[in-house]
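With PDB, C-alpha atoms inside, this is upload-v3.pdb:
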ATOM      1  CA  MET A   3      -4.483  -9.683 -35.811
ATOM      2  CA  SER A   4      -3.673  -7.362 -32.904
ATOM      3  CA  GLN A   5      -4.097  -8.570 -29.348
ATOM      4  CA  HIS A   6      -7.149  -7.270 -27.494
ATOM      5  CA  PRO A   7      -6.523  -4.624 -24.823
ATOM      6  CA  ALA A   8      -6.024  -5.925 -21.312
ATOM      7  CA  ARG A   9      -9.135  -5.862 -19.161
ATOM      8  CA  ALA A  10      -8.643  -4.742 -15.556
ATOM      9  CA  ALA A  11     -11.035  -4.679 -12.606
ATOM     10  CA  VAL A  12      -9.984  -2.437  -9.725
ATOM     11  CA  PHE A  13     -11.519  -3.015  -6.282
ATOM     12  CA  SER A  14     -12.272  -0.473  -4.860
ATOM     13  CA  ALA A  15     -12.882   3.220  -5.564
ATOM     14  CA  GLY A  16     -10.833   4.809  -2.775
ATOM     15  CA  SER A  17      -8.017   7.250  -3.456
ATOM     16  CA  TRP A  18      -5.320   4.735  -4.433
ATOM     17  CA  GLY A  19      -7.777   2.442  -6.214
ATOM     18  CA  THR A  20      -9.001   5.367  -8.306
ATOM     19  CA  ALA A  21      -5.416   6.394  -9.057
ATOM     20  CA  ALA A  22      -4.500   2.824 -10.084
ATOM     21  CA  ALA A  23      -7.556   2.636 -12.319
ATOM     22  CA  THR A  24      -6.557   5.937 -13.904
ATOM     23  CA  ILE A  25      -3.078   4.589 -14.671
ATOM     24  CA  LEU A  26      -4.506   1.450 -16.269
ATOM     25  CA  ALA A  27      -7.053   3.378 -18.333
ATOM     26  CA  ASP A  28      -4.385   5.841 -19.475
ATOM     27  CA  ALA A  29      -2.205   2.867 -20.464
ATOM     28  CA  GLY A  30      -4.980   1.583 -22.724
ATOM     29  CA  ALA A  31      -6.464  -1.161 -20.567
ATOM     30  CA  SER A  32     -10.228  -1.605 -20.536
ATOM     31  CA  THR A  33     -10.742  -0.684 -16.890
ATOM     32  CA  VAL A  34     -13.696  -0.847 -14.518
ATOM     33  CA  LEU A  35     -13.771   0.295 -10.894
ATOM     34  CA  HIS A  36     -15.806  -1.558  -8.301
ATOM     35  CA  ALA A  37     -17.491   0.902  -5.936
ATOM     36  CA  ARG A  38     -19.473   0.001  -2.840
ATOM     37  CA  ARG A  39     -22.024   2.774  -3.333
ATOM     38  CA  ALA A  40     -24.218   3.244  -6.397
ATOM     39  CA  GLU A  41     -23.905   7.029  -6.336
ATOM     40  CA  ILE A  42     -20.122   6.791  -6.598
ATOM     41  CA  ALA A  43     -20.324   4.331  -9.493
ATOM     42  CA  THR A  44     -22.781   6.622 -11.272
ATOM     43  CA  ALA A  45     -20.601   9.677 -10.715
ATOM     44  CA  ILE A  46     -17.533   7.896 -12.096
ATOM     45  CA  THR A  47     -19.238   6.417 -15.161
ATOM     46  CA  GLY A  48     -21.500   9.331 -16.009
ATOM     47  CA  GLY A  49     -19.644  12.351 -14.682
ATOM     48  CA  HIS A  50     -16.020  11.143 -14.827
ATOM     49  CA  ARG A  51     -15.484  12.250 -11.237
ATOM     50  CA  ASN A  52     -14.925  10.529  -7.913
ATOM     51  CA  PRO A  53     -16.732  12.967  -5.590
ATOM     52  CA  ASP A  54     -15.400  11.351  -2.402
ATOM     53  CA  TYR A  55     -11.695  11.648  -3.217
ATOM     54  CA  PHE A  56     -11.025  13.687  -6.366
ATOM     55  CA  PRO A  57     -14.086  15.858  -6.979
ATOM     56  CA  ASP A  58     -12.136  18.405  -9.047
ATOM     57  CA  ILE A  59     -10.153  15.978 -11.219
ATOM     58  CA  GLU A  60     -11.592  14.549 -14.422
ATOM     59  CA  LEU A  61     -11.176  10.795 -14.760
ATOM     60  CA  PRO A  62     -10.386   9.074 -18.073
ATOM     61  CA  ALA A  63     -13.457   8.978 -20.289
ATOM     62  CA  SER A  64     -12.983   5.234 -20.847
ATOM     63  CA  LEU A  65     -13.067   4.442 -17.115
ATOM     64  CA  THR A  66     -16.359   2.998 -15.873
ATOM     65  CA  ALA A  67     -17.602   1.814 -12.489
ATOM     66  CA  THR A  68     -20.081  -0.679 -11.092
ATOM     67  CA  THR A  69     -21.290  -1.983  -7.747
ATOM     68  CA  ASP A  70     -21.611  -5.528  -9.159
ATOM     69  CA  PRO A  71     -18.463  -7.585  -8.493
ATOM     70  CA  ALA A  72     -19.458 -10.241 -11.035
ATOM     71  CA  ALA A  73     -19.831  -7.629 -13.773
ATOM     72  CA  ALA A  74     -16.514  -6.021 -12.843
ATOM     73  CA  LEU A  75     -14.676  -9.359 -12.962
ATOM     74  CA  ASP A  76     -16.307 -10.651 -16.147
ATOM     75  CA  GLY A  77     -13.445 -11.388 -18.537
ATOM     76  CA  ALA A  78     -10.882  -9.620 -16.345
ATOM     77  CA  ASP A  79      -7.230 -10.301 -17.079
ATOM     78  CA  PHE A  80      -6.250  -8.443 -13.907
ATOM     79  CA  LEU A  81      -7.940  -7.950 -10.555
ATOM     80  CA  VAL A  82      -6.293  -5.023  -8.769
ATOM     81  CA  LEU A  83      -7.030  -4.952  -5.043
ATOM     82  CA  SER A  84      -6.913  -1.687  -3.121
ATOM     83  CA  VAL A  85      -8.751  -2.273   0.144
ATOM     84  CA  PRO A  86      -7.610  -1.951   3.775
ATOM     85  CA  ALA A  87      -5.350  -4.852   4.713
ATOM     86  CA  GLN A  88      -7.570  -5.763   7.656
ATOM     87  CA  SER A  89     -10.630  -6.010   5.353
ATOM     88  CA  LEU A  90      -8.935  -8.008   2.602
ATOM     89  CA  ARG A  91      -9.823 -11.503   3.822
ATOM     90  CA  HIS A  92     -13.524 -10.706   4.269
ATOM     91  CA  CYS A  93     -13.789  -8.891   0.933
ATOM     92  CA  LEU A  94     -11.993 -11.639  -0.990
ATOM     93  CA  ALA A  95     -14.293 -14.305   0.413
ATOM     94  CA  ALA A  96     -17.211 -12.492  -1.238
ATOM     95  CA  TRP A  97     -15.428 -11.769  -4.519
ATOM     96  CA  THR A  98     -13.638 -15.083  -5.111
ATOM     97  CA  PRO A  99     -16.675 -16.906  -6.596
ATOM     98  CA  HIS A 100     -16.616 -14.388  -9.457
ATOM     99  CA  LEU A 101     -12.919 -14.842 -10.295
ATOM    100  CA  GLN A 102     -12.107 -15.973 -13.823
ATOM    101  CA  PRO A 103      -9.636 -18.862 -14.317
ATOM    102  CA  GLN A 104      -7.139 -16.622 -16.124
ATOM    103  CA  THR A 105      -7.308 -13.614 -13.803
ATOM    104  CA  VAL A 106      -4.054 -12.372 -12.275
ATOM    105  CA  ILE A 107      -4.501 -10.744  -8.851
ATOM    106  CA  ILE A 108      -2.521  -7.607  -8.034
ATOM    107  CA  SER A 109      -2.142  -6.399  -4.444
ATOM    108  CA  LEU A 110      -1.752  -2.703  -3.680
ATOM    109  CA  MET A 111      -2.034  -3.270   0.079
ATOM    110  CA  LYS A 112       0.709  -2.096   2.437
ATOM    111  CA  GLY A 113      -0.216  -3.703   5.719
ATOM    112  CA  ILE A 114       0.054  -6.902   7.766
ATOM    113  CA  GLU A 115      -3.052  -8.773   8.933
ATOM    114  CA  THR A 116      -3.217  -8.283  12.674
ATOM    115  CA  HIS A 117      -4.411 -11.683  13.897
ATOM    116  CA  THR A 118      -2.430 -13.883  11.466
ATOM    117  CA  HIS A 119       0.624 -11.689  10.718
ATOM    118  CA  LEU A 120       0.203 -12.591   7.027
ATOM    119  CA  ARG A 121       1.160 -10.405   4.106
ATOM    120  CA  ALA A 122      -1.522  -9.525   1.544
ATOM    121  CA  SER A 123      -0.181 -11.941  -1.083
ATOM    122  CA  GLU A 124      -0.352 -14.754   1.467
ATOM    123  CA  ILE A 125      -3.967 -13.898   2.302
ATOM    124  CA  ILE A 126      -4.844 -13.775  -1.401
ATOM    125  CA  ARG A 127      -3.394 -17.227  -2.029
ATOM    126  CA  GLU A 128      -5.017 -18.656   1.104
ATOM    127  CA  VAL A 129      -8.515 -17.333   0.372
ATOM    128  CA  THR A 130      -8.642 -17.725  -3.406
ATOM    129  CA  GLY A 131      -6.451 -20.779  -3.937
ATOM    130  CA  VAL A 132      -4.716 -18.926  -6.777
ATOM    131  CA  PRO A 133      -1.102 -20.095  -7.316
ATOM    132  CA  ALA A 134       1.859 -17.809  -6.610
ATOM    133  CA  GLU A 135       2.515 -17.209 -10.311
ATOM    134  CA  ARG A 136      -0.855 -15.436 -10.583
ATOM    135  CA  VAL A 137      -0.340 -13.123  -7.570
ATOM    136  CA  VAL A 138       1.462  -9.810  -8.089
ATOM    137  CA  VAL A 139       2.467  -7.054  -5.676
ATOM    138  CA  LEU A 140       2.775  -3.405  -6.746
ATOM    139  CA  SER A 141       4.513  -1.031  -4.351
ATOM    140  CA  GLY A 142       6.490   2.189  -4.511
ATOM    141  CA  PRO A 143       6.456   5.929  -3.808
ATOM    142  CA  ASN A 144       2.983   6.510  -5.216
ATOM    143  CA  LEU A 145       1.041   9.345  -3.593
ATOM    144  CA  ALA A 146      -2.411   9.175  -5.138
ATOM    145  CA  LEU A 147      -2.968  12.898  -5.653
ATOM    146  CA  GLU A 148       0.292  13.249  -7.583
ATOM    147  CA  ILE A 149      -0.643  10.243  -9.738
ATOM    148  CA  MET A 150      -3.989  11.878 -10.508
ATOM    149  CA  ALA A 151      -2.108  14.988 -11.621
ATOM    150  CA  ARG A 152      -0.079  12.742 -13.963
ATOM    151  CA  GLN A 153       3.152  13.701 -12.245
ATOM    152  CA  PRO A 154       6.108  11.325 -12.816
ATOM    153  CA  ALA A 155       6.153   8.230 -10.600
ATOM    154  CA  ALA A 156       7.480   4.678 -10.582
ATOM    155  CA  ALA A 157       6.805   1.437  -8.746
ATOM    156  CA  THR A 158       8.024  -2.117  -8.341
ATOM    157  CA  ILE A 159       5.918  -4.990  -9.684
ATOM    158  CA  ALA A 160       6.886  -8.216  -7.929
ATOM    159  CA  CYS A 161       5.835 -11.740  -8.805
ATOM    160  CA  SER A 162       7.461 -15.168  -8.581
ATOM    161  CA  ASP A 163       6.723 -15.551 -12.302
ATOM    162  CA  GLU A 164       8.655 -13.068 -14.448
ATOM    163  CA  ASP A 165       6.277 -13.355 -17.409
ATOM    164  CA  THR A 166       3.303 -12.443 -15.226
ATOM    165  CA  ALA A 167       5.161  -9.449 -13.808
ATOM    166  CA  ARG A 168       6.031  -8.277 -17.320
ATOM    167  CA  ARG A 169       2.419  -8.661 -18.473
ATOM    168  CA  PHE A 170       1.181  -6.330 -15.779
ATOM    169  CA  GLN A 171       4.134  -4.019 -16.326
ATOM    170  CA  THR A 172       2.976  -3.578 -19.920
ATOM    171  CA  ALA A 173      -0.630  -3.049 -18.836
ATOM    172  CA  CYS A 174       0.210  -0.134 -16.497
ATOM    173  CA  HIS A 175       3.127   1.584 -18.232
ATOM    174  CA  THR A 176       2.291   5.184 -19.187
ATOM    175  CA  SER A 177       4.198   8.345 -20.034
ATOM    176  CA  TYR A 178       4.107   9.354 -16.341
ATOM    177  CA  PHE A 179       4.105   5.970 -14.574
ATOM    178  CA  ARG A 180       7.169   3.740 -14.938
ATOM    179  CA  PRO A 181       6.912   0.222 -13.455
ATOM    180  CA  TYR A 182       9.926  -2.013 -12.807
ATOM    181  CA  THR A 183       9.728  -5.775 -12.298
ATOM    182  CA  SER A 184      11.126  -7.942  -9.514
ATOM    183  CA  SER A 185      10.813 -11.503  -8.249
ATOM    184  CA  ASP A 186      11.165 -10.449  -4.592
ATOM    185  CA  VAL A 187       7.559 -10.496  -3.396
ATOM    186  CA  ILE A 188       8.497 -10.561   0.297
ATOM    187  CA  GLY A 189      10.809  -7.562   0.014
ATOM    188  CA  CYS A 190       8.298  -5.573  -2.003
ATOM    189  CA  GLU A 191       5.476  -6.218   0.461
ATOM    190  CA  MET A 192       7.479  -5.762   3.624
ATOM    191  CA  GLY A 193       9.004  -2.497   2.399
ATOM    192  CA  GLY A 194       5.503  -1.119   1.832
ATOM    193  CA  ALA A 195       4.216  -2.224   5.231
ATOM    194  CA  LEU A 196       7.257  -1.235   7.270
ATOM    195  CA  LYS A 197       7.585   2.297   5.921
ATOM    196  CA  ASN A 198       4.105   3.147   7.234
ATOM    197  CA  VAL A 199       5.231   2.617  10.823
ATOM    198  CA  ILE A 200       8.375   4.680  10.265
ATOM    199  CA  ALA A 201       6.234   7.432   8.713
ATOM    200  CA  LEU A 202       4.128   7.492  11.880
ATOM    201  CA  ALA A 203       7.323   8.081  13.850
ATOM    202  CA  VAL A 204       8.412  10.881  11.505
ATOM    203  CA  GLY A 205       4.981  12.468  11.794
ATOM    204  CA  ILE A 206       5.096  12.290  15.584
ATOM    205  CA  ALA A 207       8.518  13.948  15.587
ATOM    206  CA  THR A 208       7.271  16.658  13.230
ATOM    207  CA  GLY A 209       4.213  17.296  15.369
ATOM    208  CA  MET A 210       6.438  17.597  18.446
ATOM    209  CA  GLY A 211       8.424  20.312  16.691
ATOM    210  CA  LEU A 212      11.606  18.294  16.251
ATOM    211  CA  GLY A 213      13.873  19.294  13.384
ATOM    212  CA  HIS A 214      15.122  17.812  10.132
ATOM    213  CA  ASN A 215      18.033  16.131  11.904
ATOM    214  CA  ALA A 216      15.573  14.120  13.966
ATOM    215  CA  THR A 217      13.403  13.132  11.019
ATOM    216  CA  ALA A 218      16.473  12.144   8.981
ATOM    217  CA  LEU A 219      17.611  10.042  11.941
ATOM    218  CA  ILE A 220      14.252   8.265  12.117
ATOM    219  CA  MET A 221      14.095   7.638   8.376
ATOM    220  CA  THR A 222      17.648   6.297   8.171
ATOM    221  CA  ARG A 223      17.487   4.072  11.228
ATOM    222  CA  GLY A 224      13.939   3.104  10.272
ATOM    223  CA  LEU A 225      15.241   1.821   6.955
ATOM    224  CA  ALA A 226      17.937  -0.119   8.816
ATOM    225  CA  GLU A 227      15.455  -1.909  11.069
ATOM    226  CA  SER A 228      13.135  -2.518   8.114
ATOM    227  CA  MET A 229      15.993  -4.182   6.246
ATOM    228  CA  ARG A 230      16.776  -6.366   9.262
ATOM    229  CA  LEU A 231      13.266  -7.755   9.471
ATOM    230  CA  ALA A 232      12.623  -8.069   5.748
ATOM    231  CA  THR A 233      15.865  -9.938   5.098
ATOM    232  CA  ALA A 234      15.245 -12.197   8.090
ATOM    233  CA  MET A 235      11.956 -13.121   6.400
ATOM    234  CA  GLY A 236      13.695 -13.927   3.113
ATOM    235  CA  ALA A 237      13.766 -10.597   1.252
ATOM    236  CA  GLN A 238      16.709  -9.398  -0.808
ATOM    237  CA  PRO A 239      18.506  -6.346   0.690
ATOM    238  CA  VAL A 240      18.603  -4.622  -2.707
ATOM    239  CA  THR A 241      14.791  -4.554  -2.773
ATOM    240  CA  LEU A 242      14.688  -2.471   0.412
ATOM    241  CA  ALA A 243      17.116  -0.030  -1.213
ATOM    242  CA  GLY A 244      14.800   0.341  -4.208
ATOM    243  CA  LEU A 245      11.450   1.891  -5.036
ATOM    244  CA  SER A 246       9.363  -0.329  -2.760
ATOM    245  CA  GLY A 247      11.785   0.204   0.133
ATOM    246  CA  MET A 248      13.741   3.435   0.393
ATOM    247  CA  GLY A 249      11.709   5.144  -2.348
ATOM    248  CA  ASP A 250       8.382   4.537  -0.649
ATOM    249  CA  LEU A 251       9.881   5.374   2.743
ATOM    250  CA  MET A 252      11.121   8.763   1.516
ATOM    251  CA  ALA A 253       7.818   9.741  -0.071
ATOM    252  CA  THR A 254       5.678   8.574   2.838
ATOM    253  CA  CYS A 255       7.866  10.153   5.506
ATOM    254  CA  SER A 256       8.399  13.492   3.766
ATOM    255  CA  SER A 257       5.101  14.345   2.106
ATOM    256  CA  PRO A 258       2.135  16.034   3.822
ATOM    257  CA  LEU A 259      -0.001  13.990   1.408
ATOM    258  CA  SER A 260       0.985  10.844   3.310
ATOM    259  CA  ARG A 261      -1.807   9.661   5.578
ATOM    260  CA  ASN A 262       0.568   7.821   7.948
ATOM    261  CA  ARG A 263       2.829  10.830   8.378
ATOM    262  CA  THR A 264      -0.254  13.021   8.803
ATOM    263  CA  PHE A 265      -1.692  10.705  11.456
ATOM    264  CA  GLY A 266       1.616  10.773  13.324
ATOM    265  CA  THR A 267       1.751  14.570  13.117
ATOM    266  CA  HIS A 268      -1.679  14.750  14.731
ATOM    267  CA  LEU A 269      -0.428  12.540  17.567
ATOM    268  CA  GLY A 270       2.683  14.699  17.930
ATOM    269  CA  ASN A 271       0.429  17.740  18.176
ATOM    270  CA  GLY A 272      -1.283  16.164  21.171
ATOM    271  CA  LEU A 273      -4.396  14.645  19.609
ATOM    272  CA  SER A 274      -5.690  11.324  20.902
ATOM    273  CA  LEU A 275      -5.826   8.242  18.658
ATOM    274  CA  ALA A 276      -9.526   8.784  17.997
ATOM    275  CA  GLU A 277      -9.011  12.477  17.266
ATOM    276  CA  ALA A 278      -6.094  11.715  14.934
ATOM    277  CA  ALA A 279      -8.146   9.110  13.079
ATOM    278  CA  ASN A 280     -11.010  11.554  12.670
ATOM    279  CA  ALA A 281      -8.675  14.283  11.428
ATOM    280  CA  THR A 282      -6.863  11.978   8.966
ATOM    281  CA  ARG A 283     -10.154  10.591   7.593
ATOM    282  CA  GLN A 284      -8.585   7.723   5.652
ATOM    283  CA  THR A 285      -7.296   4.250   6.492
ATOM    284  CA  THR A 286      -3.869   4.472   8.115
ATOM    285  CA  GLU A 287      -2.280   1.065   7.633
ATOM    286  CA  GLY A 288       0.666   1.713   9.963
ATOM    287  CA  VAL A 289      -1.630   2.109  12.966
ATOM    288  CA  LYS A 290      -3.230  -1.275  12.354
ATOM    289  CA  SER A 291      -0.035  -3.105  11.365
ATOM    290  CA  ALA A 292       2.499  -1.829  13.925
ATOM    291  CA  GLU A 293       1.843  -4.474  16.573
ATOM    292  CA  ALA A 294       1.758  -7.306  14.009
ATOM    293  CA  ILE A 295       5.096  -6.117  12.604
ATOM    294  CA  LEU A 296       6.568  -6.023  16.102
ATOM    295  CA  ASP A 297       5.309  -9.572  16.688
ATOM    296  CA  LEU A 298       7.030 -10.680  13.462
ATOM    297  CA  ALA A 299      10.225  -9.017  14.671
ATOM    298  CA  ARG A 300      10.075 -10.986  17.912
ATOM    299  CA  VAL A 301       9.495 -14.251  16.037
ATOM    300  CA  HIS A 302      12.532 -13.596  13.841
ATOM    301  CA  GLY A 303      14.707 -12.252  16.655
ATOM    302  CA  VAL A 304      15.041  -8.797  15.101
ATOM    303  CA  ASP A 305      15.526  -5.609  17.125
ATOM    304  CA  MET A 306      13.161  -2.844  15.944
ATOM    305  CA  PRO A 307      13.411   0.063  18.423
ATOM    306  CA  ILE A 308      11.471   2.626  16.357
ATOM    307  CA  THR A 309       8.620   0.208  15.718
ATOM    308  CA  SER A 310       8.641  -0.669  19.432
ATOM    309  CA  VAL A 311       8.220   2.910  20.613
ATOM    310  CA  VAL A 312       5.574   3.690  17.974
ATOM    311  CA  THR A 313       3.611   0.649  19.124
ATOM    312  CA  ALA A 314       3.945   1.748  22.740
ATOM    313  CA  VAL A 315       2.630   5.225  21.888
ATOM    314  CA  LEU A 316      -0.304   3.740  19.941
ATOM    315  CA  HIS A 317      -1.159   1.487  22.902
ATOM    316  CA  GLY A 318      -0.841   4.302  25.422
ATOM    317  CA  THR A 319       1.957   2.583  27.336
ATOM    318  CA  ALA A 320       4.456   5.364  26.591
ATOM    319  CA  THR A 321       4.103   9.118  26.302
ATOM    320  CA  LEU A 322       5.621  11.014  23.396
ATOM    321  CA  GLY A 323       8.422  12.269  25.625
ATOM    322  CA  GLU A 324       9.157   8.798  26.954
ATOM    323  CA  ALA A 325       9.249   7.398  23.422
ATOM    324  CA  ALA A 326      11.751  10.009  22.247
ATOM    325  CA  ALA A 327      13.910   9.477  25.328
ATOM    326  CA  ALA A 328      13.840   5.698  24.865
ATOM    327  CA  LEU A 329      15.320   6.038  21.380
ATOM    328  CA  MET A 330      17.978   8.600  22.262
ATOM    329  CA  GLN A 331      19.099   6.805  25.429
ATOM    330  CA  ARG A 332      19.780   3.462  23.757
ATOM    331  CA  PRO A 333      23.379   2.245  24.280
ATOM    332  CA  PRO A 334      25.781   3.479  21.582
ATOM    333  CA  LYS A 335      26.987   0.901  19.074
ATOM    334  CA  PRO A 336      28.550   0.657  15.598
ATOM    335  CA  GLU A 337      26.290   1.719  12.756
TER     336      GLU A 337
END

Write-out of the structure in structure tokens:
Amino acid sequence: MSQHPARAAVFSAGSWGTAAATILADAGASTVLHARRAEIATAITGGHRNPDYFPDIELPASLTATTDPAAALDGADFLVLSVPAQSLRHCLAAWTPHLQPQTVIISLMKGIETHTHLRASEIIREVTGVPAERVVVLSGPNLALEIMARQPAAATIACSDEDTARRFQTACHTSYFRPYTSSDVIGCEMGGALKNVIALAVGIATGMGLGHNATALIMTRGLAESMRLATAMGAQPVTLAGLSGMGDLMATCSSPLSRNRTFGTHLGNGLSLAEAANATRQTTEGVKSAEAILDLARVHGVDMPITSVVTAVLHGTATLGEAAAALMQRPPKPE
């Protein structure tokens, strides 16, 4: 007798959540999206469209949606979470009573909780009580619009339990999406969170009219400071050189589809924080996480000059010109 298809519940129906649900449905999993609004759920189930994010792209016919968290989680093998990092704790508190005993929780979040400095996997374990072997992190260079176009992409799936990582790897492996497994949860999560701040810096430089030399400088030194913090927290250096580190950094810093780079470009063009947020129109995790990441760096005694100047710009304690000068006037030292 053949094994039944995996059942996946994806919360919620934003751009990356919809893309993740599309991957799972294309891979053969029985997939349901949880949407906050009834009209979105109806449009996805009945019209195979997400009018808020991908109005012109047809979703898999097998993909359905609901506003009922209990219905979405009924019998779910996997709960895939794609919500803003700062909303995760509140959302999970409401959804946890509907969790099934066998459900594995997958985090797509790439941010650090501001008031606790916790990673998403730590919040998941704290709120739900689920053990580490049932918490998975997926991270990599995954721009949602390219995923929806079924363009080739890959990601890292990290879990302390190798069998759990392989189970989800099988559930989301398609002809266009190639997942790799890892046991380095810290490295996978920190790479995803840190690259958002570096992408803000690249966007600012781009908006200021600086050239490719400057953006390459920021990306390269940004990776160096990301490695310093992640390894100080227990990550493996090789993880930061992989898909969830350098890969995600390259995609987020170089693509105009990246919301963090776009937000930074708006700032570099002279927009205020509020104006940049309005123009970007989607959650920009780097803006929320930058100060928490800098606090973690201080706790671990790690020097993060790019993160420091980005945080200063976001707080209005440094102008764009002062931030650029602060980086270029640092004392020379060995690479």

**Request:** Go through A:His117, A:Arg152, A:Lys335, A:Arg168 one by one, measure the shortest atom-to-atom distance of each to Asp28 of chain A using all atoms listed in the file, and give the residue with the smallest value.
**Result:**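 Result for the nearest residue to Asp28 of chain A: A:Arg152.
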
**Request:** Fewer than 5 positions away in the same chain doesn't count, so skip those; otherwise give me all residues within 12 Å of Asp70 of chain A, counting only C-alpha atoms, as an MDAnalysis selection string.
**Result:** chainID A and resid 11 13:14 34:40 43 75:76 96:97 100

Resulting file, chosen residues, C-alpha atoms, as a PDB file, in the coordinates of the input:
ATOM      1  CA  ALA A  11     -11.035  -4.679 -12.606  1.00  0.00           C
ATOM      2  CA  PHE A  13     -11.519  -3.015  -6.282  1.00  0.00           C
ATOM      3  CA  SER A  14     -12.272  -0.473  -4.860  1.00  0.00           C
ATOM      4  CA  VAL A  34     -13.696  -0.847 -14.518  1.00  0.00           C
ATOM      5  CA  LEU A  35     -13.771   0.295 -10.894  1.00  0.00           C
ATOM      6  CA  HIS A  36     -15.806  -1.558  -8.301  1.00  0.00           C
ATOM      7  CA  ALA A  37     -17.491   0.902  -5.936  1.00  0.00           C
ATOM      8  CA  ARG A  38     -19.473   0.001  -2.840  1.00  0.00           C
ATOM      9  CA  ARG A  39     -22.024   2.774  -3.333  1.00  0.00           C
ATOM     10  CA  ALA A  40     -24.218   3.244  -6.397  1.00  0.00           C
ATOM     11  CA  ALA A  43     -20.324   4.331  -9.493  1.00  0.00           C
ATOM     12  CA  LEU A  75     -14.676  -9.359 -12.962  1.00  0.00           C
ATOM     13  CA  ASP A  76     -16.307 -10.651 -16.147  1.00  0.00           C
ATOM     14  CA  ALA A  96     -17.211 -12.492  -1.238  1.00  0.00           C
ATOM     15  CA  TRP A  97     -15.428 -11.769  -4.519  1.00  0.00           C
ATOM     16  CA  HIS A 100     -16.616 -14.388  -9.457  1.00  0.00           C
TER      17      HIS A 100
END

**Request:** Show me as a PyMOL selection string the residues that reach within 8 Å of (7.0, 2.7, 6.5), counting all atoms listed in the file and using the file's own coordinates.
**Result:** chain A and resi 193-202+224+250-251+254-255+288

**Request:** With the file shown as input, list the residues that the PyMOL selection byres ((chain A and resi 270-279) around 7) selects, as a ChimeraX atom specification.
**Result:** /A:205-210,265-269,280-283

**Message:** As an exercise, work out the distance from atom CA of Arg136 of chain A to atom CA of Leu225 of chain A in Å and give it to one decimal place.
**Reply:**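 We find that atom CA of Arg136 of chain A and atom CA of Leu225 of chain A lie 29.4 Å from each other.
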
**Request:** Could you check which of A:Val137, A:Ile108, A:Ala173, A:Leu231 is closest to Val301 of chain A, using all atoms listed in the file?
**Result:**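 Selected residue with least distance to Val301 of chain A: A:Leu231.
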
**Message:** If we count all atoms listed in the file and set the cut-off at 7 Å, which residues sit around segment 310-322 of chain A, ignoring sequence neighbours fewer than 2 positions away in its own chain? Please answer as a PyMOL selection string.
**Reply:** chain A and resi 203+292-293+296+306-308+324-326

**Request:** Grab the atom CA of Thr158 of chain A to atom CA of Ser141 of chain A distance for me, in Å with one decimal place.
**Result:** 5.4 Å

**Complete:** Correct to one decimal, the distance atom CA of Ala87 of chain A-atom CA of Arg127 of chain A is 14.2 Å

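Nearest to Val304 of chain A of all the residues A:Ala218, A:Met150, A:Met229, A:Ala95 is A:Met229, counting all atoms listed in the file.
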
Is it possible to produce a file of segment 236-268 of chain A from this structure, with C-alpha atoms, as an mmCIF file, in the first residue's frame?
data_model
loop_
_atom_site.group_PDB
_atom_site.id
_atom_site.type_symbol
_atom_site.label_atom_id
_atom_site.label_comp_id
_atom_site.auth_asym_id
_atom_site.auth_seq_id
_atom_site.Cartn_x
_atom_site.Cartn_y
_atom_site.Cartn_z
ATOM 1 C CA GLY A 236 27.158 28.573 17.593
ATOM 2 C CA ALA A 237 26.652 28.395 13.816
ATOM 3 C CA GLN A 238 28.965 26.531 11.467
ATOM 4 C CA PRO A 239 30.953 28.825 9.106
ATOM 5 C CA VAL A 240 30.163 26.591 6.123
ATOM 6 C CA THR A 241 26.448 27.325 6.565
ATOM 7 C CA LEU A 242 27.035 31.051 6.045
ATOM 8 C CA ALA A 243 28.906 30.217 2.836
ATOM 9 C CA GLY A 244 25.925 28.221 1.570
ATOM 10 C CA LEU A 245 22.418 28.848 0.299
ATOM 11 C CA SER A 246 21.026 30.282 3.535
ATOM 12 C CA GLY A 247 24.050 32.565 3.933
ATOM 13 C CA MET A 248 25.888 33.823 0.870
ATOM 14 C CA GLY A 249 23.192 32.581 -1.529
ATOM 15 C CA ASP A 250 20.397 34.467 0.191
ATOM 16 C CA LEU A 251 22.636 37.504 0.653
ATOM 17 C CA MET A 252 23.414 37.673 -3.074
ATOM 18 C CA ALA A 253 19.791 37.376 -4.157
ATOM 19 C CA THR A 254 18.461 39.837 -1.593
ATOM 20 C CA CYS A 255 21.165 42.430 -2.196
ATOM 21 C CA SER A 256 21.135 42.269 -5.996
ATOM 22 C CA SER A 257 17.505 41.850 -6.997
ATOM 23 C CA PRO A 258 14.977 44.690 -7.380
ATOM 24 C CA LEU A 259 12.402 42.103 -6.261
ATOM 25 C CA SER A 260 13.936 42.187 -2.778
ATOM 26 C CA ARG A 261 11.818 44.210 -0.378
ATOM 27 C CA ASN A 262 14.763 45.000 1.936
ATOM 28 C CA ARG A 263 16.944 46.249 -0.898
ATOM 29 C CA THR A 264 13.973 48.201 -2.257
ATOM 30 C CA PHE A 265 13.305 49.793 1.133
ATOM 31 C CA GLY A 266 16.960 50.796 1.395
ATOM 32 C CA THR A 267 16.897 52.258 -2.117
ATOM 33 C CA HIS A 268 13.952 54.437 -1.124
#
